[in-house]
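Chemist: PDB, C-alpha atoms, saved as target.pdb, coming up:
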MODEL        1
ATOM      1  CA  MET P   1       7.810  50.113  23.051
ATOM      2  CA  THR P   2       8.168  53.250  25.190
ATOM      3  CA  GLY P   3       6.197  52.771  28.389
ATOM      4  CA  ALA P   4       6.066  48.958  28.202
ATOM      5  CA  ARG P   5       6.495  47.068  31.461
ATOM      6  CA  PHE P   6       8.144  43.665  31.933
ATOM      7  CA  ASP P   7       9.039  41.332  34.763
ATOM      8  CA  CYS P   8      12.611  41.259  33.448
ATOM      9  CA  LEU P   9      14.777  43.074  30.950
ATOM     10  CA  VAL P  10      17.648  41.028  29.551
ATOM     11  CA  VAL P  11      20.465  43.173  28.168
ATOM     12  CA  GLY P  12      22.460  41.086  25.703
ATOM     13  CA  GLY P  13      21.505  38.419  23.179
ATOM     14  CA  GLY P  14      24.383  35.966  23.409
ATOM     15  CA  PRO P  15      24.095  32.453  24.884
ATOM     16  CA  ALA P  16      23.738  33.770  28.451
ATOM     17  CA  GLY P  17      21.025  36.310  27.713
ATOM     18  CA  LEU P  18      19.034  34.031  25.406
ATOM     19  CA  MET P  19      19.114  31.159  27.894
ATOM     20  CA  ALA P  20      17.879  33.441  30.674
ATOM     21  CA  ALA P  21      15.019  34.654  28.492
ATOM     22  CA  ILE P  22      14.057  31.078  27.565
ATOM     23  CA  TYR P  23      13.861  30.118  31.239
ATOM     24  CA  LEU P  24      11.841  33.210  32.146
ATOM     25  CA  ALA P  25       9.387  32.668  29.303
ATOM     26  CA  ARG P  26       8.854  29.058  30.355
ATOM     27  CA  PHE P  27       8.194  30.336  33.885
ATOM     28  CA  ARG P  28       5.458  32.449  32.224
ATOM     29  CA  ARG P  29       7.225  35.663  33.137
ATOM     30  CA  SER P  30       7.241  38.619  30.757
ATOM     31  CA  ALA P  31      10.730  39.282  29.445
ATOM     32  CA  CYS P  32      12.297  41.474  26.792
ATOM     33  CA  VAL P  33      15.743  40.990  25.253
ATOM     34  CA  VAL P  34      17.493  44.156  24.065
ATOM     35  CA  ASP P  35      20.623  43.465  22.053
ATOM     36  CA  THR P  36      22.755  45.011  19.309
ATOM     37  CA  GLY P  37      23.117  41.750  17.395
ATOM     38  CA  ALA P  38      26.906  41.645  17.811
ATOM     39  CA  SER P  39      27.419  38.757  20.234
ATOM     40  CA  ARG P  40      31.013  37.660  20.747
ATOM     41  CA  ALA P  41      29.792  34.070  20.540
ATOM     42  CA  ALA P  42      28.703  34.626  16.940
ATOM     43  CA  LEU P  43      32.398  34.718  15.979
ATOM     44  CA  ILE P  44      33.001  31.113  17.091
ATOM     45  CA  PRO P  45      33.661  29.112  13.888
ATOM     46  CA  ARG P  46      32.875  25.781  15.569
ATOM     47  CA  SER P  47      32.565  24.846  19.227
ATOM     48  CA  HIS P  48      33.201  21.233  20.211
ATOM     49  CA  ASN P  49      32.393  21.460  23.910
ATOM     50  CA  VAL P  50      28.663  22.203  23.750
ATOM     51  CA  PRO P  51      27.026  18.997  25.040
ATOM     52  CA  GLY P  52      25.051  16.976  22.520
ATOM     53  CA  PHE P  53      26.758  18.243  19.364
ATOM     54  CA  VAL P  54      29.231  15.479  18.546
ATOM     55  CA  HIS P  55      30.727  17.296  15.570
ATOM     56  CA  GLY P  56      30.391  20.756  17.112
ATOM     57  CA  LEU P  57      28.396  23.748  15.936
ATOM     58  CA  SER P  58      29.171  27.341  15.130
ATOM     59  CA  GLY P  59      28.388  30.192  17.472
ATOM     60  CA  ALA P  60      26.093  31.727  14.853
ATOM     61  CA  ASP P  61      24.197  28.432  14.557
ATOM     62  CA  LEU P  62      23.801  28.178  18.315
ATOM     63  CA  ILE P  63      22.423  31.720  18.529
ATOM     64  CA  ALA P  64      20.079  31.079  15.595
ATOM     65  CA  ARG P  65      18.729  27.926  17.251
ATOM     66  CA  MET P  66      18.187  29.682  20.580
ATOM     67  CA  SER P  67      16.600  32.681  18.848
ATOM     68  CA  ALA P  68      14.157  30.361  17.089
ATOM     69  CA  GLN P  69      13.266  28.847  20.457
ATOM     70  CA  LEU P  70      12.606  32.332  21.827
ATOM     71  CA  GLY P  71      10.429  33.059  18.821
ATOM     72  CA  GLU P  72       8.293  30.006  19.619
ATOM     73  CA  LEU P  73       7.899  31.380  23.141
ATOM     74  CA  ALA P  74       6.877  34.812  21.804
ATOM     75  CA  VAL P  75       9.540  36.696  23.760
ATOM     76  CA  GLU P  76       9.847  40.384  22.879
ATOM     77  CA  ARG P  77      13.162  41.385  21.262
ATOM     78  CA  VAL P  78      14.553  44.802  20.405
ATOM     79  CA  GLU P  79      17.670  45.416  18.328
ATOM     80  CA  ALA P  80      19.251  48.388  20.081
ATOM     81  CA  GLU P  81      21.974  49.364  22.533
ATOM     82  CA  VAL P  82      20.778  50.273  26.002
ATOM     83  CA  THR P  83      22.479  53.577  26.757
ATOM     84  CA  ALA P  84      21.133  54.213  30.238
ATOM     85  CA  LEU P  85      19.667  52.206  33.087
ATOM     86  CA  GLN P  86      17.883  54.205  35.761
ATOM     87  CA  PRO P  87      16.434  53.047  39.072
ATOM     88  CA  ARG P  88      12.711  53.344  39.744
ATOM     89  CA  ASP P  89      10.780  52.723  42.956
ATOM     90  CA  ASP P  90       9.558  49.402  41.606
ATOM     91  CA  GLY P  91      12.440  48.454  39.329
ATOM     92  CA  PHE P  92      14.360  50.034  36.486
ATOM     93  CA  GLN P  93      13.927  52.041  33.319
ATOM     94  CA  ALA P  94      16.102  51.203  30.319
ATOM     95  CA  ILE P  95      16.654  53.822  27.624
ATOM     96  CA  TRP P  96      17.997  53.457  24.098
ATOM     97  CA  ASN P  97      17.938  55.537  20.960
ATOM     98  CA  GLY P  98      14.274  55.686  20.013
ATOM     99  CA  GLY P  99      12.786  53.774  22.895
ATOM    100  CA  ALA P 100      12.535  52.877  26.553
ATOM    101  CA  LEU P 101      10.918  50.316  28.796
ATOM    102  CA  GLU P 102      10.470  49.552  32.473
ATOM    103  CA  ALA P 103      11.171  46.261  34.188
ATOM    104  CA  THR P 104      11.012  44.976  37.740
ATOM    105  CA  THR P 105      14.357  43.205  37.351
ATOM    106  CA  VAL P 106      17.289  43.396  34.958
ATOM    107  CA  ILE P 107      19.745  40.720  33.836
ATOM    108  CA  LEU P 108      22.955  42.141  32.423
ATOM    109  CA  ALA P 109      24.377  39.677  29.893
ATOM    110  CA  SER P 110      26.329  42.210  27.853
ATOM    111  CA  GLY P 111      29.603  40.285  27.829
ATOM    112  CA  ILE P 112      33.022  41.554  26.799
ATOM    113  CA  VAL P 113      34.794  42.905  23.729
ATOM    114  CA  ASP P 114      38.241  41.401  23.110
ATOM    115  CA  SER P 115      41.290  43.558  22.477
ATOM    116  CA  HIS P 116      42.870  42.464  19.203
ATOM    117  CA  PRO P 117      46.517  42.443  18.115
ATOM    118  CA  PRO P 118      47.544  44.628  15.154
ATOM    119  CA  PHE P 119      45.964  42.600  12.371
ATOM    120  CA  GLU P 120      43.477  43.969   9.862
ATOM    121  CA  GLN P 121      42.253  40.510   8.849
ATOM    122  CA  TRP P 122      41.561  39.301  12.375
ATOM    123  CA  ARG P 123      37.889  38.512  11.745
ATOM    124  CA  ALA P 124      38.632  36.257   8.746
ATOM    125  CA  ALA P 125      41.478  34.601  10.677
ATOM    126  CA  VAL P 126      39.076  33.801  13.539
ATOM    127  CA  ALA P 127      36.619  32.269  11.067
ATOM    128  CA  ASP P 128      39.411  30.073   9.685
ATOM    129  CA  GLY P 129      40.621  28.946  13.116
ATOM    130  CA  LEU P 130      43.988  30.678  12.761
ATOM    131  CA  LEU P 131      43.344  33.272  15.446
ATOM    132  CA  ARG P 132      41.777  31.882  18.621
ATOM    133  CA  TYR P 133      40.814  33.519  21.886
ATOM    134  CA  CYS P 134      39.833  30.694  24.227
ATOM    135  CA  PRO P 135      42.255  27.818  24.853
ATOM    136  CA  VAL P 136      39.857  26.323  27.404
ATOM    137  CA  CYS P 137      37.356  26.029  24.534
ATOM    138  CA  ASP P 138      39.550  24.821  21.712
ATOM    139  CA  ALA P 139      43.123  23.927  22.694
ATOM    140  CA  PHE P 140      42.163  20.315  22.000
ATOM    141  CA  GLU P 141      41.840  21.268  18.324
ATOM    142  CA  VAL P 142      45.453  22.522  18.131
ATOM    143  CA  ILE P 143      47.257  19.592  19.724
ATOM    144  CA  GLY P 144      50.821  19.402  18.455
ATOM    145  CA  ARG P 145      50.604  22.645  16.441
ATOM    146  CA  ARG P 146      53.001  25.605  16.488
ATOM    147  CA  ILE P 147      51.258  28.035  18.805
ATOM    148  CA  GLY P 148      51.933  31.708  19.443
ATOM    149  CA  VAL P 149      50.528  33.653  22.394
ATOM    150  CA  VAL P 150      50.520  37.444  22.031
ATOM    151  CA  GLY P 151      50.225  39.930  24.882
ATOM    152  CA  PRO P 152      51.925  41.526  27.893
ATOM    153  CA  LEU P 153      54.121  38.912  29.511
ATOM    154  CA  GLY P 154      52.326  38.833  32.854
ATOM    155  CA  ARG P 155      48.871  38.605  31.284
ATOM    156  CA  ALA P 156      49.845  36.088  28.595
ATOM    157  CA  ALA P 157      51.848  33.732  30.822
ATOM    158  CA  GLY P 158      48.870  31.761  32.153
ATOM    159  CA  LYS P 159      47.473  31.159  28.689
ATOM    160  CA  ALA P 160      50.876  30.063  27.375
ATOM    161  CA  LEU P 161      51.380  27.635  30.268
ATOM    162  CA  PHE P 162      47.916  26.160  29.732
ATOM    163  CA  LEU P 163      48.615  25.642  26.027
ATOM    164  CA  ARG P 164      51.928  23.963  26.824
ATOM    165  CA  GLY P 165      49.828  20.988  27.888
ATOM    166  CA  TYR P 166      48.738  20.591  24.259
ATOM    167  CA  SER P 167      51.895  21.315  22.289
ATOM    168  CA  ARG P 168      55.657  21.320  22.711
ATOM    169  CA  GLU P 169      55.950  24.358  20.437
ATOM    170  CA  VAL P 170      54.504  27.300  22.355
ATOM    171  CA  THR P 171      56.024  30.764  22.000
ATOM    172  CA  LEU P 172      54.982  33.758  24.085
ATOM    173  CA  LEU P 173      55.327  36.955  22.057
ATOM    174  CA  ALA P 174      55.543  39.516  24.851
ATOM    175  CA  THR P 175      54.293  42.934  23.763
ATOM    176  CA  GLY P 176      55.387  44.351  27.115
ATOM    177  CA  GLN P 177      57.980  43.311  29.669
ATOM    178  CA  ASP P 178      57.286  42.051  33.155
ATOM    179  CA  GLU P 179      60.039  42.204  35.743
ATOM    180  CA  GLU P 180      58.721  39.327  37.856
ATOM    181  CA  GLU P 181      61.402  36.667  37.617
ATOM    182  CA  SER P 182      59.001  34.010  38.867
ATOM    183  CA  VAL P 183      56.892  34.397  35.730
ATOM    184  CA  THR P 184      59.773  34.014  33.319
ATOM    185  CA  SER P 185      61.256  31.177  35.362
ATOM    186  CA  GLU P 186      57.985  29.244  35.344
ATOM    187  CA  LEU P 187      57.655  29.698  31.594
ATOM    188  CA  ALA P 188      61.245  28.590  31.027
ATOM    189  CA  GLU P 189      60.814  25.519  33.214
ATOM    190  CA  ALA P 190      57.717  24.541  31.214
ATOM    191  CA  GLY P 191      59.582  24.912  27.935
ATOM    192  CA  VAL P 192      57.724  27.992  26.695
ATOM    193  CA  ASP P 193      59.880  30.189  24.470
ATOM    194  CA  ILE P 194      59.719  33.914  25.266
ATOM    195  CA  VAL P 195      60.285  36.511  22.575
ATOM    196  CA  PHE P 196      60.012  40.169  23.523
ATOM    197  CA  ALA P 197      58.112  41.658  20.617
ATOM    198  CA  PRO P 198      56.828  45.190  21.226
ATOM    199  CA  GLY P 199      55.385  46.629  18.049
ATOM    200  CA  LEU P 200      54.758  43.263  16.410
ATOM    201  CA  ARG P 201      52.050  42.797  13.794
ATOM    202  CA  LEU P 202      50.406  39.713  12.359
ATOM    203  CA  ARG P 203      49.724  38.716   8.783
ATOM    204  CA  ARG P 204      48.365  35.658   7.035
ATOM    205  CA  ARG P 205      50.513  33.130   5.255
ATOM    206  CA  VAL P 206      49.653  29.826   3.610
ATOM    207  CA  GLY P 207      48.324  27.516   6.319
ATOM    208  CA  GLY P 208      48.845  29.838   9.258
ATOM    209  CA  LEU P 209      49.891  33.228  10.588
ATOM    210  CA  GLU P 210      53.165  35.091  10.575
ATOM    211  CA  ALA P 211      54.338  37.429  13.316
ATOM    212  CA  VAL P 212      56.419  40.319  12.038
ATOM    213  CA  LEU P 213      58.658  41.799  14.735
ATOM    214  CA  ALA P 214      59.692  45.431  14.910
ATOM    215  CA  ASP P 215      63.238  44.574  13.724
ATOM    216  CA  GLY P 216      61.893  42.813  10.621
ATOM    217  CA  ARG P 217      62.280  39.252  11.846
ATOM    218  CA  THR P 218      59.383  36.910  11.184
ATOM    219  CA  MET P 219      58.030  33.855  13.000
ATOM    220  CA  GLN P 220      55.526  31.340  11.660
ATOM    221  CA  PHE P 221      52.683  29.771  13.608
ATOM    222  CA  ASP P 222      49.832  27.425  12.866
ATOM    223  CA  THR P 223      47.604  29.356  15.233
ATOM    224  CA  VAL P 224      47.883  32.397  17.488
ATOM    225  CA  TYR P 225      46.109  33.169  20.751
ATOM    226  CA  PRO P 226      45.885  36.864  21.729
ATOM    227  CA  ALA P 227      46.049  37.601  25.459
ATOM    228  CA  MET P 228      45.601  41.351  25.373
ATOM    229  CA  GLY P 229      42.666  41.794  27.690
ATOM    230  CA  ALA P 230      39.127  42.891  26.972
ATOM    231  CA  GLU P 231      36.601  45.609  27.640
ATOM    232  CA  VAL P 232      34.071  44.341  30.160
ATOM    233  CA  ARG P 233      30.702  45.774  29.184
ATOM    234  CA  SER P 234      29.489  46.381  32.724
ATOM    235  CA  GLN P 235      29.052  50.160  32.508
ATOM    236  CA  LEU P 236      25.271  50.074  32.955
ATOM    237  CA  ALA P 237      25.598  48.236  36.259
ATOM    238  CA  VAL P 238      28.605  50.242  37.422
ATOM    239  CA  SER P 239      26.661  53.468  36.806
ATOM    240  CA  LEU P 240      24.114  52.218  39.363
ATOM    241  CA  GLY P 241      26.845  51.573  41.929
ATOM    242  CA  ALA P 242      27.215  47.824  41.447
ATOM    243  CA  GLU P 243      30.348  46.369  43.005
ATOM    244  CA  HIS P 244      32.948  45.215  40.504
ATOM    245  CA  THR P 245      36.572  44.149  40.190
ATOM    246  CA  GLY P 246      39.394  46.378  39.031
ATOM    247  CA  GLU P 247      38.973  44.979  35.510
ATOM    248  CA  GLY P 248      35.258  45.734  35.514
ATOM    249  CA  TYR P 249      33.805  42.267  36.109
ATOM    250  CA  LEU P 250      30.643  42.474  38.191
ATOM    251  CA  LYS P 251      30.711  40.932  41.655
ATOM    252  CA  VAL P 252      27.727  38.636  42.175
ATOM    253  CA  ASP P 253      26.536  36.190  44.814
ATOM    254  CA  ASP P 254      25.764  32.516  44.272
ATOM    255  CA  HIS P 255      22.413  33.443  42.699
ATOM    256  CA  GLN P 256      23.992  35.923  40.230
ATOM    257  CA  ARG P 257      22.687  38.933  42.182
ATOM    258  CA  THR P 258      24.797  42.088  42.052
ATOM    259  CA  SER P 259      25.034  44.494  44.973
ATOM    260  CA  VAL P 260      22.142  46.483  43.417
ATOM    261  CA  ASP P 261      18.768  45.042  44.370
ATOM    262  CA  GLY P 262      16.990  43.551  41.365
ATOM    263  CA  LEU P 263      20.044  43.678  39.093
ATOM    264  CA  TYR P 264      21.714  40.429  38.011
ATOM    265  CA  GLY P 265      24.910  39.690  36.103
ATOM    266  CA  ILE P 266      25.550  36.555  34.039
ATOM    267  CA  GLY P 267      28.081  35.216  31.563
ATOM    268  CA  ASP P 268      31.303  36.930  30.550
ATOM    269  CA  VAL P 269      30.402  40.183  32.333
ATOM    270  CA  VAL P 270      30.959  38.468  35.696
ATOM    271  CA  THR P 271      33.776  35.981  35.043
ATOM    272  CA  ASP P 272      36.906  35.587  32.978
ATOM    273  CA  LEU P 273      36.079  31.899  32.424
ATOM    274  CA  HIS P 274      34.438  32.602  29.073
ATOM    275  CA  GLN P 275      32.478  29.396  28.523
ATOM    276  CA  ILE P 276      29.067  28.749  26.971
ATOM    277  CA  SER P 277      28.342  26.133  29.623
ATOM    278  CA  VAL P 278      29.125  28.656  32.368
ATOM    279  CA  ALA P 279      26.847  31.196  30.697
ATOM    280  CA  PHE P 280      24.013  28.652  30.632
ATOM    281  CA  GLY P 281      24.455  27.887  34.322
ATOM    282  CA  HIS P 282      24.480  31.563  35.269
ATOM    283  CA  ALA P 283      21.323  32.122  33.220
ATOM    284  CA  ALA P 284      19.445  29.291  34.915
ATOM    285  CA  LEU P 285      20.412  30.502  38.389
ATOM    286  CA  ALA P 286      19.431  34.101  37.697
ATOM    287  CA  ALA P 287      16.122  33.211  36.046
ATOM    288  CA  CYS P 288      15.112  30.833  38.823
ATOM    289  CA  THR P 289      15.972  33.410  41.471
ATOM    290  CA  ILE P 290      14.005  36.122  39.665
ATOM    291  CA  HIS P 291      10.989  33.846  39.247
ATOM    292  CA  HIS P 292      10.867  33.135  42.970
ATOM    293  CA  SER P 293      11.441  36.802  43.888
ATOM    294  CA  LEU P 294       8.393  38.026  41.939
ATOM    295  CA  PRO P 295       4.781  37.762  43.139
ATOM    296  CA  ARG P 296       3.382  34.275  42.672
ATOM    297  CA  ARG P 297       1.886  33.722  39.244
ATOM    298  CA  LEU P 298      -1.352  31.768  39.294
ATOM    299  CA  ALA P 299      -2.896  30.160  36.202
TER     300      ALA P 299
ENDMDL
END
Represent the supplied structure as structure tokens.

Modeler:
Amino acid sequence: MTGARFDCLVVGGGPAGLMAAIYLARFRRSACVVDTGASRAALIPRSHNVPGFVHGLSGADLIARMSAQLGELAVERVEAEVTALQPRDDGFQAIWNGGALEATTVILASGIVDSHPPFEQWRAAVADGLLRYCPVCDAFEVIGRRIGVVGPLGRAAGKALFLRGYSREVTLLATGQDEEESVTSELAEAGVDIVFAPGLRLRRRVGGLEAVLADGRTMQFDTVYPAMGAEVRSQLAVSLGAEHTGEGYLKVDDHQRTSVDGLYGIGDVVTDLHQISVAFGHAALAACTIHHSLPRRLA
């Protein structure tokens, strides 16, 4: 594919990137999706807040359905990791191991990579619904359960308080201390138990997870939510000088445009509200804006 030219390169093949490519293809714009095949969404065992799926669907099923739709639209796809994005007078050049292409515009939909607690079986626990990362997505499924939230106190507090609206038994396992009294006071007032647990590790038990503290004590939970941060995969845009937050999220306008002309950011790479519906909205906005920014296409 070296030397190929497209109206838009989409970096990332999760819900955001695939939706953007579907829109662009239906606008009769040439698009190429370059992706490693390791979407975070593929780990979702079953999502119940995707409209139209009464009994939910898995992340892998959603991606498979959207990929099939792209196949019907004959959108080019490359399984690779873009290692460099370079500006050109009329757009960008993307480079990966064994290939390169040029595009007038680029949509970065590369998402995030979660930081996991010490737990070798984390992937299987996610598949079984024991380890969960998004209470906005699935707290409804753990109503009344014993819930643990793991992470630095300041970072984990918001997630623990949110989950308190779904269960009376919420424990924040603080892997690091936070001296802000307001945080601990708010948690105490809401009835969230705080256990300082540096060095904790998790392990499976029948029907749930067990937290093993550094002093040997154990605590049992039906489900655990890590709140340990994530790596925002915005390096390609940052290398071009795109404005971003301290955590690495790209700053975009209300049309998903970054501060670099022709470069767009959508989905988890621009917001910490990690929702499929948000990703879809971002994708639609970016694709529509790109379509209208390119020379008019006549039949």

Chemist: With the PyMOL selection byres ((chain P and resi 4-12) around 8) as the selection, what would be picked from this file? Answer as a ChimeraX atom specification, please.

Modeler: /P:1-3,13-14,16-18,20-21,29-36,39,82,100-111,294

Chemist: Excluding same-chain residues fewer than 2 positions from stretch 198-212 of chain P, what lies within 7 Å of it counting only C-alpha atoms, as a count of residues only?

Modeler: 16

Chemist: For a quick check of your reading of the model, name the residues lying within 12 Å of the coordinate (18.7, 44.6, 42.0), counting only C-alpha atoms, and write them as a PyMOL selection string.

Modeler: chain P and resi 8-9+85-92+103-108+237+240-243+252-253+255-265+286+289-290+293

Chemist: Can you tell me which residues surround P:His48 at a distance of at most 9 Å, considering only C-alpha atoms, apart from same-chain residues fewer than 2 positions away, and format the answer as a list in words?

Modeler: Arg46, Val50, Pro51, Phe53, Val54, His55, Gly56, Leu57, Ser58, Cys137, Asp138 and Glu141 of chain P

Chemist: Quick one: pull the distance between atom CA of P:Ile276 and atom CA of P:Ala41, Å, one decimal.

Modeler: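 Interatomic distance here is 8.4 Å.
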
Chemist: Within 7 Å of P:Ala284, counting only C-alpha atoms, which residues qualify if same-chain residues fewer than 3 places away don't, as an NGL selection string?

Modeler: :P and (20 or 23 or 280-281 or 287-288)

Chemist: Measure the distance from atom CA of P:Asp193 to atom CA of P:Ala139 in Å and round it to one decimal.

Modeler: 18.0 Å

Chemist: Go ahead and compute the interatomic distance for atom CA of P:Ala156 and atom CA of P:Leu172, in Å to one decimal.

Modeler: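 Distance between the two atoms: 7.2 Å.
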
Chemist: Which residue, P:Arg123, P:Arg155, P:Arg168, P:His274, has the smallest gap to P:Pro135 when you use all atoms listed in the file?

Modeler: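 So, comparing all the options, the nearest one is P:His274.
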
Chemist: Using all atoms listed in the file, which residues sit within 12 Å of P:Phe140 once same-chain residues fewer than 4 positions away are excluded, as a PyMOL selection string?

Modeler: chain P and resi 47-49+134-136+144-145+162-167

Chemist: Evaluating the PyMOL selection byres ((chain P and resi 42) around 10) on the displayed file yields which residues, as JSON, numbers by chain?

Modeler: {"P": [14, 15, 37, 38, 39, 40, 41, 43, 44, 45, 46, 58, 59, 60, 61, 62, 63, 64]}
